[in-house]
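Peer 1: run11.cif is reproduced in full below (mmCIF, C-alpha atoms and all ligand atoms).
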data_target
#
loop_
_atom_site.label_atom_id
_atom_site.label_comp_id
_atom_site.auth_asym_id
_atom_site.auth_seq_id
_atom_site.Cartn_x
_atom_site.Cartn_y
_atom_site.Cartn_z
CA MET R 1 -11.14 -7.61 -6.95
CA ALA R 2 -10.47 -3.91 -7.46
CA ALA R 3 -9.94 -3.37 -3.74
CA ALA R 4 -7.63 -6.39 -3.63
CA GLY R 5 -5.78 -4.98 -6.65
CA SER R 6 -5.32 -1.72 -4.78
CA ALA R 7 -4.22 -3.42 -1.58
CA VAL R 8 -1.78 -5.91 -3.09
CA GLY R 9 1.22 -4.08 -4.44
CA LEU R 10 4.60 -2.76 -3.46
CA GLY R 11 3.45 -2.47 0.14
CA ASN R 12 3.43 -6.26 0.39
CA ILE R 13 6.44 -7.17 -1.70
CA TRP R 14 8.74 -4.18 -1.19
CA LYS R 15 7.73 -2.46 2.05
CA PHE R 16 6.71 -5.35 4.28
CA PRO R 17 10.05 -7.22 4.02
CA TYR R 18 12.16 -4.13 4.56
CA GLU R 19 10.08 -2.90 7.51
CA ALA R 20 10.13 -6.39 9.05
CA GLY R 21 13.87 -6.59 8.41
CA GLU R 22 14.52 -3.28 10.15
CA ASN R 23 12.18 -3.93 13.06
CA GLY R 24 13.01 -7.33 14.49
CA GLY R 25 11.47 -9.86 12.05
CA GLY R 26 9.11 -12.08 14.05
CA ALA R 27 8.41 -9.32 16.59
CA PHE R 28 7.28 -7.04 13.77
CA LEU R 29 5.24 -9.79 12.12
CA ILE R 30 3.18 -10.59 15.21
CA ILE R 31 2.42 -6.92 15.93
CA TYR R 32 1.59 -6.41 12.28
CA LEU R 33 -0.91 -9.28 12.32
CA LEU R 34 -2.43 -7.89 15.51
CA CYS R 35 -2.84 -4.46 13.89
CA VAL R 36 -4.45 -6.01 10.80
CA LEU R 37 -7.06 -7.74 12.96
CA MET R 38 -7.59 -4.95 15.45
CA PHE R 39 -7.93 -2.01 13.10
CA GLY R 40 -6.97 -2.89 9.55
CA LEU R 41 -10.01 -5.05 8.91
CA PRO R 42 -12.57 -2.84 10.74
CA LEU R 43 -11.29 0.29 8.98
CA LEU R 44 -11.33 -1.34 5.58
CA MET R 45 -14.98 -2.26 6.18
CA THR R 46 -15.72 1.22 7.47
CA GLU R 47 -14.36 2.97 4.39
CA LEU R 48 -16.30 0.68 2.05
CA LEU R 49 -19.48 1.24 4.08
CA ILE R 50 -19.12 5.05 4.13
CA GLY R 51 -18.69 4.94 0.35
CA ARG R 52 -21.57 2.60 -0.23
CA LYS R 53 -23.89 4.61 1.96
CA SER R 54 -23.04 8.00 0.45
CA ARG R 55 -22.27 6.91 -3.13
CA LYS R 56 -19.75 9.76 -3.18
CA THR R 57 -15.99 10.30 -3.19
CA THR R 58 -14.17 11.31 -0.01
CA PHE R 59 -14.80 14.98 -0.81
CA SER R 60 -18.54 14.83 -0.25
CA ALA R 61 -19.17 11.47 1.44
CA PHE R 62 -18.90 12.90 4.95
CA ARG R 63 -21.25 15.77 4.20
CA ALA R 64 -23.73 13.43 2.50
CA ILE R 65 -23.87 11.23 5.59
CA SER R 66 -23.60 13.72 8.45
CA GLY R 67 -25.36 16.63 6.73
CA SER R 68 -22.64 18.94 8.04
CA ASP R 69 -19.63 20.63 6.44
CA ARG R 70 -17.53 19.96 9.51
CA TRP R 71 -15.83 16.95 7.91
CA GLN R 72 -15.10 18.63 4.60
CA TRP R 73 -11.40 18.91 5.47
CA MET R 74 -11.16 15.12 5.34
CA GLY R 75 -11.54 15.34 1.57
CA TRP R 76 -8.56 17.70 1.37
CA TRP R 77 -6.61 15.62 3.85
CA SER R 78 -7.15 12.51 1.79
CA SER R 79 -6.30 14.21 -1.50
CA ILE R 80 -3.07 15.77 -0.21
CA THR R 81 -1.95 12.54 1.47
CA ILE R 82 -2.59 10.55 -1.70
CA TYR R 83 -0.47 12.98 -3.72
CA ILE R 84 2.42 12.75 -1.26
CA LEU R 85 2.13 8.96 -1.28
CA MET R 86 1.87 8.72 -5.06
CA GLY R 87 5.12 10.65 -5.40
CA PHE R 88 7.21 8.00 -3.68
CA TYR R 89 5.06 5.08 -4.81
CA PHE R 90 5.78 5.96 -8.43
CA VAL R 91 9.50 6.21 -7.66
CA VAL R 92 9.52 2.62 -6.35
CA THR R 93 7.31 1.52 -9.25
CA GLY R 94 10.03 3.07 -11.40
CA TRP R 95 12.62 0.85 -9.70
CA CYS R 96 10.45 -2.16 -10.64
CA PHE R 97 10.35 -1.07 -14.28
CA ASN R 98 14.09 -0.50 -14.18
CA TYR R 99 14.60 -4.07 -12.97
CA LEU R 100 12.17 -5.40 -15.57
CA TYR R 101 14.34 -3.75 -18.20
CA GLU R 102 17.44 -5.23 -16.57
CA ALA R 103 15.85 -8.67 -16.46
CA VAL R 104 15.10 -8.47 -20.17
CA PHE R 105 18.74 -7.51 -20.95
CA ASN R 106 20.28 -9.89 -18.41
CA THR R 107 22.11 -7.02 -16.68
CA TYR R 108 22.18 -8.40 -13.15
CA ILE R 109 23.02 -12.00 -14.05
CA GLY R 110 26.28 -13.15 -12.47
CA MET R 111 26.47 -10.38 -9.86
CA ASP R 112 27.24 -11.35 -6.27
CA SER R 113 25.71 -9.67 -3.20
CA ALA R 114 28.20 -6.81 -3.03
CA ALA R 115 27.89 -6.13 -6.76
CA LEU R 116 24.10 -6.14 -6.53
CA LEU R 117 24.22 -3.53 -3.76
CA ASP R 118 26.59 -1.32 -5.74
CA HIS R 119 24.46 -1.80 -8.82
CA PHE R 120 21.33 -0.64 -6.99
CA ALA R 121 23.14 2.41 -5.63
CA ALA R 122 24.40 3.28 -9.11
CA ASN R 123 20.91 2.91 -10.57
CA VAL R 124 19.15 5.14 -8.06
CA SER R 125 21.69 7.92 -8.36
CA ASP R 126 21.37 8.00 -12.15
CA THR R 127 19.02 10.98 -12.53
CA PRO R 128 17.95 10.67 -16.20
CA ARG R 129 17.38 6.94 -15.80
CA MET R 130 15.29 7.38 -12.65
CA ILE R 131 13.25 10.22 -14.16
CA LEU R 132 12.49 8.06 -17.18
CA CYS R 133 11.70 4.94 -15.13
CA SER R 134 9.41 6.81 -12.70
CA LEU R 135 7.54 8.88 -15.26
CA PHE R 136 6.85 5.88 -17.45
CA PRO R 137 4.42 4.27 -14.93
CA VAL R 138 2.78 7.69 -14.35
CA LEU R 139 2.03 7.94 -18.06
CA LEU R 140 0.98 4.30 -18.23
CA THR R 141 -1.48 4.79 -15.37
CA ALA R 142 -2.74 8.00 -16.95
CA ALA R 143 -3.26 6.21 -20.26
CA VAL R 144 -5.32 3.50 -18.54
CA LEU R 145 -7.50 6.13 -16.87
CA TRP R 146 -7.73 8.25 -20.02
CA MET R 147 -8.89 5.34 -22.13
CA GLY R 148 -11.25 4.22 -19.39
CA VAL R 149 -9.86 0.69 -19.52
CA ASN R 150 -9.40 0.28 -15.77
CA LYS R 151 -12.18 -2.32 -15.77
CA GLY R 152 -10.24 -4.26 -18.41
CA ILE R 153 -7.07 -4.06 -16.33
CA GLU R 154 -8.97 -5.35 -13.33
CA ARG R 155 -10.27 -8.27 -15.37
CA LEU R 156 -6.74 -8.93 -16.58
CA SER R 157 -5.45 -8.83 -13.01
CA LYS R 158 -7.88 -11.62 -12.12
CA ILE R 159 -5.56 -13.85 -14.14
CA LEU R 160 -2.27 -12.12 -13.46
CA MET R 161 -2.53 -11.76 -9.70
CA PRO R 162 -3.04 -15.50 -9.10
CA LEU R 163 -0.12 -16.01 -11.49
CA LEU R 164 2.00 -13.72 -9.31
CA LEU R 165 0.99 -15.78 -6.30
CA VAL R 166 2.00 -19.03 -8.06
CA MET R 167 5.28 -17.49 -9.16
CA MET R 168 5.99 -16.41 -5.57
CA ILE R 169 5.21 -19.89 -4.25
CA VAL R 170 7.67 -21.38 -6.75
CA MET R 171 10.31 -18.82 -5.72
CA ALA R 172 9.71 -19.58 -2.04
CA GLY R 173 10.21 -23.28 -2.82
CA ARG R 174 13.54 -22.52 -4.52
CA VAL R 175 14.73 -20.24 -1.73
CA LEU R 176 13.91 -22.76 0.98
CA MET R 177 16.30 -25.23 -0.67
CA LEU R 178 19.24 -22.85 -0.24
CA ASP R 179 21.84 -23.49 2.48
CA GLY R 180 21.22 -21.26 5.47
CA SER R 181 17.60 -20.55 4.58
CA SER R 182 16.36 -21.83 7.95
CA THR R 183 18.02 -18.85 9.68
CA GLY R 184 15.80 -16.59 7.59
CA MET R 185 12.67 -18.53 8.50
CA ARG R 186 13.59 -18.25 12.16
CA PHE R 187 14.18 -14.53 11.75
CA LEU R 188 10.69 -14.09 10.30
CA PHE R 189 8.72 -16.44 12.52
CA GLU R 190 10.50 -16.52 15.88
CA ILE R 191 9.29 -13.83 18.22
CA ASP R 192 12.01 -12.17 20.24
CA THR R 193 9.92 -10.24 22.78
CA SER R 194 12.81 -7.95 23.64
CA GLN R 195 12.43 -6.49 20.14
CA ILE R 196 8.83 -5.41 20.73
CA THR R 197 9.17 -1.69 21.34
CA PRO R 198 6.74 1.25 20.98
CA ALA R 199 8.53 2.17 17.76
CA VAL R 200 7.84 -1.30 16.35
CA PHE R 201 4.15 -0.86 17.15
CA MET R 202 4.12 2.44 15.31
CA LYS R 203 5.89 1.03 12.28
CA ALA R 204 3.66 -2.06 12.17
CA ALA R 205 0.50 0.03 12.45
CA GLY R 206 1.70 2.30 9.63
CA GLN R 207 2.56 -0.72 7.50
CA CYS R 208 -0.91 -2.17 8.13
CA PHE R 209 -2.62 1.01 6.87
CA PHE R 210 -0.30 1.27 3.90
CA SER R 211 -0.64 -2.34 2.87
CA LEU R 212 -4.43 -2.45 3.14
CA SER R 213 -4.84 1.00 1.49
CA VAL R 214 -6.81 2.31 4.48
CA GLY R 215 -6.71 5.68 6.20
CA LEU R 216 -6.85 7.76 3.05
CA GLY R 217 -10.50 7.46 2.18
CA LEU R 218 -9.51 5.78 -1.08
CA LEU R 219 -11.76 2.83 -0.37
CA ILE R 220 -14.68 5.23 0.19
CA THR R 221 -14.61 5.87 -3.55
CA TYR R 222 -14.40 2.13 -4.18
CA GLY R 223 -17.31 1.51 -1.78
CA ALA R 224 -19.37 3.99 -3.78
CA TYR R 225 -19.35 1.50 -6.64
CA MET R 226 -20.21 -1.50 -4.43
CA PRO R 227 -23.64 -3.11 -4.94
CA ALA R 228 -26.01 -2.87 -1.97
CA SER R 229 -26.46 -6.63 -1.92
CA GLN R 230 -22.75 -7.35 -1.49
CA ASN R 231 -21.61 -8.51 1.92
CA ALA R 232 -19.05 -5.90 3.01
CA THR R 233 -17.71 -8.11 5.79
CA VAL R 234 -16.93 -11.06 3.54
CA THR R 235 -15.41 -8.78 0.88
CA SER R 236 -13.19 -7.09 3.45
CA ILE R 237 -12.06 -10.37 4.96
CA GLN R 238 -11.14 -11.65 1.49
CA VAL R 239 -9.06 -8.55 0.78
CA VAL R 240 -7.29 -8.78 4.14
CA VAL R 241 -6.52 -12.49 3.74
CA VAL R 242 -5.11 -12.11 0.22
CA ASP R 243 -3.10 -9.05 1.18
CA THR R 244 -1.62 -10.69 4.28
CA LEU R 245 -0.79 -13.91 2.42
CA VAL R 246 1.13 -12.03 -0.25
CA ALA R 247 3.10 -10.12 2.40
CA LEU R 248 3.92 -13.34 4.25
CA LEU R 249 4.97 -15.03 1.05
CA ALA R 250 7.24 -12.08 0.24
CA GLY R 251 8.80 -12.52 3.69
CA VAL R 252 9.28 -16.25 3.10
CA ILE R 253 11.14 -15.48 -0.14
CA ILE R 254 13.23 -12.57 1.09
CA PHE R 255 14.51 -13.57 4.54
CA PRO R 256 15.83 -17.07 3.79
CA ALA R 257 17.56 -15.55 0.76
CA VAL R 258 18.94 -12.67 2.85
CA PHE R 259 20.77 -15.12 5.09
CA ALA R 260 21.68 -17.58 2.35
CA PHE R 261 23.32 -14.86 0.22
CA GLY R 262 24.81 -12.87 3.10
CA PHE R 263 22.74 -9.68 2.96
CA ASP R 264 21.76 -7.61 5.98
CA PRO R 265 18.01 -7.94 6.82
CA ALA R 266 18.02 -4.29 7.91
CA GLU R 267 19.30 -3.14 4.52
CA GLY R 268 16.40 -0.70 4.13
CA PRO R 269 14.27 0.19 1.08
CA GLU R 270 16.74 -1.41 -1.31
CA LEU R 271 16.39 -4.82 0.37
CA VAL R 272 14.12 -6.58 -2.11
CA PHE R 273 15.78 -4.97 -5.11
CA VAL R 274 19.09 -6.58 -4.22
CA VAL R 275 17.75 -9.86 -2.86
CA LEU R 276 15.27 -10.66 -5.63
CA PRO R 277 17.80 -10.54 -8.48
CA ALA R 278 20.01 -12.84 -6.39
CA VAL R 279 17.11 -15.28 -6.04
CA LEU R 280 15.95 -15.02 -9.64
CA GLN R 281 19.35 -15.70 -11.16
CA ASN R 282 19.46 -18.92 -9.15
CA MET R 283 16.14 -20.18 -10.51
CA SER R 284 15.88 -22.60 -13.40
CA PHE R 285 15.02 -20.69 -16.59
CA ALA R 286 16.63 -17.64 -14.94
CA TRP R 287 15.94 -15.21 -17.78
CA PHE R 288 12.31 -16.23 -18.14
CA SER R 289 11.75 -16.26 -14.35
CA GLY R 290 13.27 -12.79 -13.96
CA VAL R 291 11.25 -11.23 -16.75
CA LEU R 292 8.00 -12.88 -15.65
CA PHE R 293 8.45 -11.95 -12.00
CA PHE R 294 9.33 -8.30 -12.59
CA LEU R 295 6.54 -8.00 -15.16
CA LEU R 296 4.00 -9.29 -12.63
CA LEU R 297 5.46 -7.03 -9.94
CA CYS R 298 5.08 -4.02 -12.25
CA ILE R 299 1.46 -4.98 -12.93
CA ALA R 300 0.76 -5.39 -9.21
CA ALA R 301 2.20 -1.90 -8.68
CA ILE R 302 0.16 -0.46 -11.56
CA THR R 303 -3.14 -1.81 -10.18
CA SER R 304 -2.33 0.16 -7.02
CA THR R 305 -1.28 3.32 -8.85
CA ILE R 306 -4.51 3.13 -10.87
CA SER R 307 -6.47 3.15 -7.61
CA LEU R 308 -4.51 6.13 -6.29
CA MET R 309 -4.78 8.23 -9.41
CA GLU R 310 -8.39 7.21 -10.10
CA VAL R 311 -9.40 8.61 -6.73
CA GLU R 312 -7.69 11.96 -7.45
CA VAL R 313 -9.34 12.12 -10.88
CA ALA R 314 -12.79 11.28 -9.47
CA ALA R 315 -12.37 13.82 -6.66
CA LEU R 316 -11.24 16.58 -9.02
CA THR R 317 -14.12 15.94 -11.42
CA GLU R 318 -16.62 15.93 -8.57
CA TYR R 319 -15.06 18.95 -6.83
CA SER R 320 -15.08 21.03 -10.01
CA GLY R 321 -18.86 20.68 -10.05
CA GLY R 322 -18.98 19.73 -13.71
CA ARG R 323 -16.52 22.38 -14.95
CA LEU R 324 -13.90 19.74 -15.66
CA ASN R 325 -14.67 16.59 -17.57
CA ARG R 326 -12.93 13.33 -16.87
CA HIS R 327 -10.26 13.76 -19.53
CA GLN R 328 -9.34 17.21 -18.29
CA SER R 329 -9.11 15.86 -14.75
CA VAL R 330 -6.83 13.07 -15.93
CA LEU R 331 -4.54 15.62 -17.61
CA ILE R 332 -4.33 17.86 -14.54
CA THR R 333 -3.77 14.95 -12.16
CA THR R 334 -1.05 13.55 -14.44
CA ALA R 335 0.72 16.91 -14.66
CA VAL R 336 0.74 17.41 -10.87
CA THR R 337 1.84 13.82 -10.23
CA SER R 338 4.64 13.99 -12.81
CA LEU R 339 5.96 17.20 -11.28
CA LEU R 340 5.92 15.67 -7.83
CA VAL R 341 7.63 12.49 -8.97
CA ALA R 342 10.35 14.53 -10.72
CA ILE R 343 10.95 16.52 -7.51
CA TYR R 344 11.27 13.31 -5.46
CA VAL R 345 13.72 11.84 -7.96
CA LEU R 346 15.87 14.99 -8.02
CA SER R 347 15.94 14.96 -4.23
CA MET R 348 16.79 11.26 -4.05
CA THR R 349 19.53 11.13 -6.65
CA GLY R 350 21.20 14.15 -5.06
CA ALA R 351 20.97 16.10 -8.33
CA CYS R 352 19.35 18.95 -6.44
CA PRO R 353 20.89 19.29 -2.94
CA SER R 354 18.44 22.02 -1.92
CA LEU R 355 15.71 19.36 -2.07
CA ARG R 356 17.23 17.54 0.91
CA PHE R 357 16.08 18.32 4.43
CA PHE R 358 17.94 17.56 7.67
CA GLY R 359 20.18 15.21 5.68
CA HIS R 360 17.23 13.21 4.33
CA ASP R 361 15.80 13.07 0.86
CA LEU R 362 12.14 13.78 0.21
CA PHE R 363 11.48 10.13 -0.60
CA GLY R 364 12.21 8.89 2.93
CA LEU R 365 10.56 11.89 4.57
CA ALA R 366 7.37 11.43 2.54
CA ASP R 367 7.27 7.72 3.32
CA THR R 368 7.56 8.38 7.07
CA LEU R 369 5.15 11.30 7.00
CA VAL R 370 2.44 9.36 5.17
CA THR R 371 2.68 5.95 6.83
CA THR R 372 3.54 6.99 10.36
CA PHE R 373 1.42 10.12 10.70
CA MET R 374 -1.05 10.97 7.97
CA MET R 375 -2.58 7.53 7.40
CA PRO R 376 -3.06 6.71 11.12
CA LEU R 377 -4.58 10.16 11.68
CA GLY R 378 -6.93 9.70 8.74
CA ALA R 379 -7.85 6.27 10.05
CA LEU R 380 -8.52 7.70 13.51
CA CYS R 381 -10.90 10.33 12.12
CA MET R 382 -12.60 7.76 9.92
CA SER R 383 -13.33 5.45 12.84
CA LEU R 384 -14.53 8.34 15.03
CA PHE R 385 -16.79 9.56 12.23
CA ALA R 386 -18.32 6.16 11.58
CA GLY R 387 -18.57 5.26 15.27
CA TRP R 388 -20.04 8.50 16.57
CA PHE R 389 -21.56 10.43 13.67
CA MET R 390 -22.86 7.79 11.27
CA PRO R 391 -26.31 6.49 12.20
CA SER R 392 -25.63 2.95 13.33
CA LYS R 393 -28.45 1.63 11.12
CA ASP R 394 -26.30 2.73 8.18
CA ILE R 395 -23.41 0.57 9.26
CA GLU R 396 -24.48 -2.39 7.20
CA ILE R 397 -21.78 -4.90 7.90
CA ILE R 398 -24.30 -7.62 7.00
CA PRO R 399 -26.64 -6.97 4.04
CA ARG R 400 -30.11 -5.95 5.21
CA SER R 401 -31.63 -9.12 3.87
CA GLY R 402 -28.86 -11.09 5.61
CA ASN R 403 -28.90 -13.44 8.49
CA ARG R 404 -30.83 -12.14 11.50
CA TYR R 405 -28.75 -14.05 13.98
CA LYS R 406 -25.62 -12.32 12.80
CA GLN R 407 -27.08 -8.87 13.48
CA TRP R 408 -25.45 -8.79 16.92
CA LEU R 409 -22.23 -8.18 15.04
CA ARG R 410 -23.26 -4.60 14.34
CA PRO R 411 -23.23 -3.25 17.95
CA LEU R 412 -19.93 -5.03 18.47
CA PHE R 413 -18.53 -3.37 15.38
CA VAL R 414 -19.78 0.08 16.45
CA PHE R 415 -18.20 -0.42 19.87
CA LEU R 416 -14.93 -1.30 18.17
CA LEU R 417 -15.07 1.87 16.05
CA ARG R 418 -16.07 4.12 18.92
CA TRP R 419 -13.63 2.96 21.55
CA VAL R 420 -11.16 0.24 20.68
CA VAL R 421 -9.79 1.46 17.35
CA PRO R 422 -9.36 5.16 18.31
CA THR R 423 -7.84 4.31 21.68
CA ALA R 424 -5.40 1.85 20.13
CA ILE R 425 -4.32 4.31 17.42
CA VAL R 426 -3.86 7.21 19.87
CA PHE R 427 -1.98 4.99 22.31
CA ILE R 428 0.37 3.60 19.67
CA PHE R 429 0.93 7.05 18.24
CA LEU R 430 1.73 8.79 21.55
CA ASN R 431 3.77 5.89 22.84
CA GLY R 432 5.75 5.64 19.60
CA LEU R 433 6.57 9.34 19.83
CA ASP R 434 7.70 8.84 23.44
CA ILE R 435 5.00 11.17 24.71
CA LEU R 436 3.48 8.69 27.15
N1 LIG H 501 -1.77 -0.87 -0.58
C1 LIG H 501 -0.85 -0.55 -1.62
C2 LIG H 501 0.32 -1.51 -1.52
O1 LIG H 501 0.39 -2.29 -0.58
O2 LIG H 501 1.18 -1.46 -2.38
C3 LIG H 501 -0.38 0.87 -1.55
C4 LIG H 501 -1.50 1.86 -1.41
C5 LIG H 501 -2.44 1.97 -2.41
C6 LIG H 501 -1.60 2.59 -0.24
C7 LIG H 501 -3.50 2.85 -2.24
C8 LIG H 501 -2.65 3.47 -0.08
C9 LIG H 501 -3.58 3.57 -1.06
F1 LIG H 501 -4.58 4.40 -0.88
#
How does the structure come out when it is put into structure tokens?
Ligand code: PFF
Peer 2:
Amino acid sequence: MAAAGSAVGLGNIWKFPYEAGENGGGAFLIIYLLCVLMFGLPLLMTELLIGRKSRKTTFSAFRAISGSDRWQWMGWWSSITIYILMGFYFVVTGWCFNYLYEAVFNTYIGMDSAALLDHFAANVSDTPRMILCSLFPVLLTAAVLWMGVNKGIERLSKILMPLLLVMMIVMAGRVLMLDGSSTGMRFLFEIDTSQITPAVFMKAAGQCFFSLSVGLGLLITYGAYMPASQNATVTSIQVVVVDTLVALLAGVIIFPAVFAFGFDPAEGPELVFVVLPAVLQNMSFAWFSGVLFFLLLCIAAITSTISLMEVEVAALTEYSGGRLNRHQSVLITTAVTSLLVAIYVLSMTGACPSLRFFGHDLFGLADTLVTTFMMPLGALCMSLFAGWFMPSKDIEIIPRSGNRYKQWLRPLFVFLLRWVVPTAIVFIFLNGLDIL
């Protein structure tokens, strides 16, 4: 449930629709599904298994398993990538809190498509508002970790996440009744092969890592808490299925609405923040629907930010070798994250022009850097490590007491990690960069 809580978040509801919208709809979807099967699922299992075997965080898991310091840099890699990712993740979580506030005060009710776009632009260039909205979830996450109530939040999310799913199904039902919605369904599900380009492969692969939370070693820490008797394969399949369903459902809400309300599917990161208010104000019980939906969205985002920050706190505590206790680690992690988030916001709102590079703000650069480069590279190293340097008897994809006849799965899995996954990642990466 914790891994599912980490996986399901803004990546499914915010990032998937806008990436699909910018990269050919159905063409993106099919490549995305292929990536999930080909390396998302195996890598998710791999991270959990490395964690379960070593019972350590990313900082020392590789040394514990291989007995060598050669992989130590992976701990740093993971930690730095998570910080860069957290910076922009908290900014988008801030947008969700902003819209929750707006839903409560009925601000967006009555706005048409053009007004909603202007309204979004005005919101994200309002520096004090964005600072406040983005730092609030940082402090909320920190408070959860400080009080050690993450277990409670996870238990709560067992009720709230299915509720989010139900809410999304109801919204999809409403959207599908709108005039013009079938164009959106065709956009999402019809595959136009001419749209399948190397760049789409690269984007879809990045989205797969981001959405499943793999490639950062975060799930190594989660695997460290996983009981030996638990079937890692079944757990991973469950996480992948839930995560993919939520992304698909988000697509089924967004794209029909995009065409029904006259938005552009390639609108970019603001897509869902302009389309969702348009959908929600057309629901029955509009106020209640808006507040409930944005509240659930904020909670889905917070269960992901908890996972990100928890891993930094655990790594810092472990790395300090006992010099820092958990509370001190929470304070330090919160301070660094807050600073980073503030820098991203200042860059994005344009309040600090020197924080823009080559005409881009840090937000977009960080998003591209993490999802297109750092996560795939981390994933590549993870699969090479598990495939070549982890004793294959330790790759327990089926519990030791498990079915004998299923044991043939292990060599197949090792083959996948050794050859198929690394080759696919390298190929997609080089092709996407136009090097091949
Ligand atoms: N998977 C999360 C989402 O889809 O929103 C985002 C995320 C969380 C990415 C944790 C990476 C990570 F380590």
Peer 1: Restricting the calculation to all atoms listed in the file: of R:Ser66, R:Asn98, R:Ser54, R:Gln195, which residue gets closest to Glu22 of chain R?
Peer 2: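 Of the candidates, the smallest distance to Glu22 of chain R is held by R:Gln195.
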Peer 1: Find the residues near ligand LIG 501 (chain H). Use a cut-off of 7 Å, count only C-alpha atoms and all ligand atoms, and write them as a list of chain:residue names.
Peer 2: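 These are the residues that qualify: R:Ser6, R:Ala7, R:Val8, R:Gly9, R:Leu10, R:Gly11, R:Asn12, R:Ile82, R:Phe210, R:Ser211, R:Leu212, R:Ser213, R:Val214, R:Leu216, R:Leu218, R:Ala301, R:Ser304, R:Thr305, R:Ser307, R:Leu308.
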Peer 1: So which residues touch Trp76 of chain R within 12 Å, counting all atoms listed in the file, skipping near sequence neighbours fewer than 3 positions away, as a VMD selection string?
Peer 2: chain R and resid 57 to 60 62 71 to 73 79 to 83 216 to 217 312 315 to 316 319 378
Peer 1: Quick one: everything within 9 Å of segment 181-185 of chain R, counting only C-alpha atoms, minus sequence neighbours fewer than 6 positions away in the same chain. Send it as a list in words.
Peer 2: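 Close residues of segment 181-185 of chain R: Val175, Gly251, Val252, Ile254, Phe255, Pro256, Ala257, Val258, Phe259, Ala260 and Pro265 of chain R.
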Peer 1: Every residue with an atom at most 12 Å from (0.1, 4.0, -11.2) (file coordinates; only C-alpha atoms) is what I'm after, so could you write them as a PyMOL selection string?
Peer 2: chain R and resi 5-6+9-10+82-83+85-94+97+134-145+150+153+298-312+333-334+337-338+341
Peer 1: Working from the structure I just supplied, which lacks atoms in segment 85-96 of chain R, can you model N, CA and C atoms there and output them as a PDB file, in the coordinates of the input?
Peer 2:
ATOM      1  N   LEU R  85       1.857  10.400  -1.183  1.00  0.00           N
ATOM      2  CA  LEU R  85       2.130   8.960  -1.280  1.00  0.00           C
ATOM      3  C   LEU R  85       2.454   8.556  -2.717  1.00  0.00           C
ATOM      4  N   MET R  86       1.647   9.102  -3.651  1.00  0.00           N
ATOM      5  CA  MET R  86       1.870   8.720  -5.060  1.00  0.00           C
ATOM      6  C   MET R  86       3.273   9.062  -5.503  1.00  0.00           C
ATOM      7  N   GLY R  87       3.776  10.219  -5.025  1.00  0.00           N
ATOM      8  CA  GLY R  87       5.120  10.650  -5.400  1.00  0.00           C
ATOM      9  C   GLY R  87       6.128   9.544  -5.150  1.00  0.00           C
ATOM     10  N   PHE R  88       6.169   9.011  -3.920  1.00  0.00           N
ATOM     11  CA  PHE R  88       7.210   8.000  -3.680  1.00  0.00           C
ATOM     12  C   PHE R  88       6.812   6.625  -4.192  1.00  0.00           C
ATOM     13  N   TYR R  89       5.502   6.383  -4.285  1.00  0.00           N
ATOM     14  CA  TYR R  89       5.060   5.080  -4.810  1.00  0.00           C
ATOM     15  C   TYR R  89       5.497   4.929  -6.276  1.00  0.00           C
ATOM     16  N   PHE R  90       5.372   6.033  -7.025  1.00  0.00           N
ATOM     17  CA  PHE R  90       5.780   5.960  -8.430  1.00  0.00           C
ATOM     18  C   PHE R  90       7.299   5.801  -8.555  1.00  0.00           C
ATOM     19  N   VAL R  91       8.042   6.373  -7.601  1.00  0.00           N
ATOM     20  CA  VAL R  91       9.500   6.210  -7.660  1.00  0.00           C
ATOM     21  C   VAL R  91       9.846   4.719  -7.509  1.00  0.00           C
ATOM     22  N   VAL R  92       9.203   4.050  -6.544  1.00  0.00           N
ATOM     23  CA  VAL R  92       9.520   2.620  -6.350  1.00  0.00           C
ATOM     24  C   VAL R  92       8.982   1.802  -7.523  1.00  0.00           C
ATOM     25  N   THR R  93       7.816   2.208  -8.055  1.00  0.00           N
ATOM     26  CA  THR R  93       7.310   1.520  -9.250  1.00  0.00           C
ATOM     27  C   THR R  93       8.343   1.672 -10.376  1.00  0.00           C
ATOM     28  N   GLY R  94       8.970   2.834 -10.417  1.00  0.00           N
ATOM     29  CA  GLY R  94      10.030   3.070 -11.400  1.00  0.00           C
ATOM     30  C   GLY R  94      11.190   2.103 -11.201  1.00  0.00           C
ATOM     31  N   TRP R  95      11.548   1.831  -9.955  1.00  0.00           N
ATOM     32  CA  TRP R  95      12.620   0.850  -9.700  1.00  0.00           C
ATOM     33  C   TRP R  95      12.212  -0.505 -10.283  1.00  0.00           C
ATOM     34  N   CYS R  96      10.922  -0.857 -10.106  1.00  0.00           N
ATOM     35  CA  CYS R  96      10.450  -2.160 -10.640  1.00  0.00           C
ATOM     36  C   CYS R  96      10.598  -2.195 -12.156  1.00  0.00           C
TER      37      CYS R  96
END
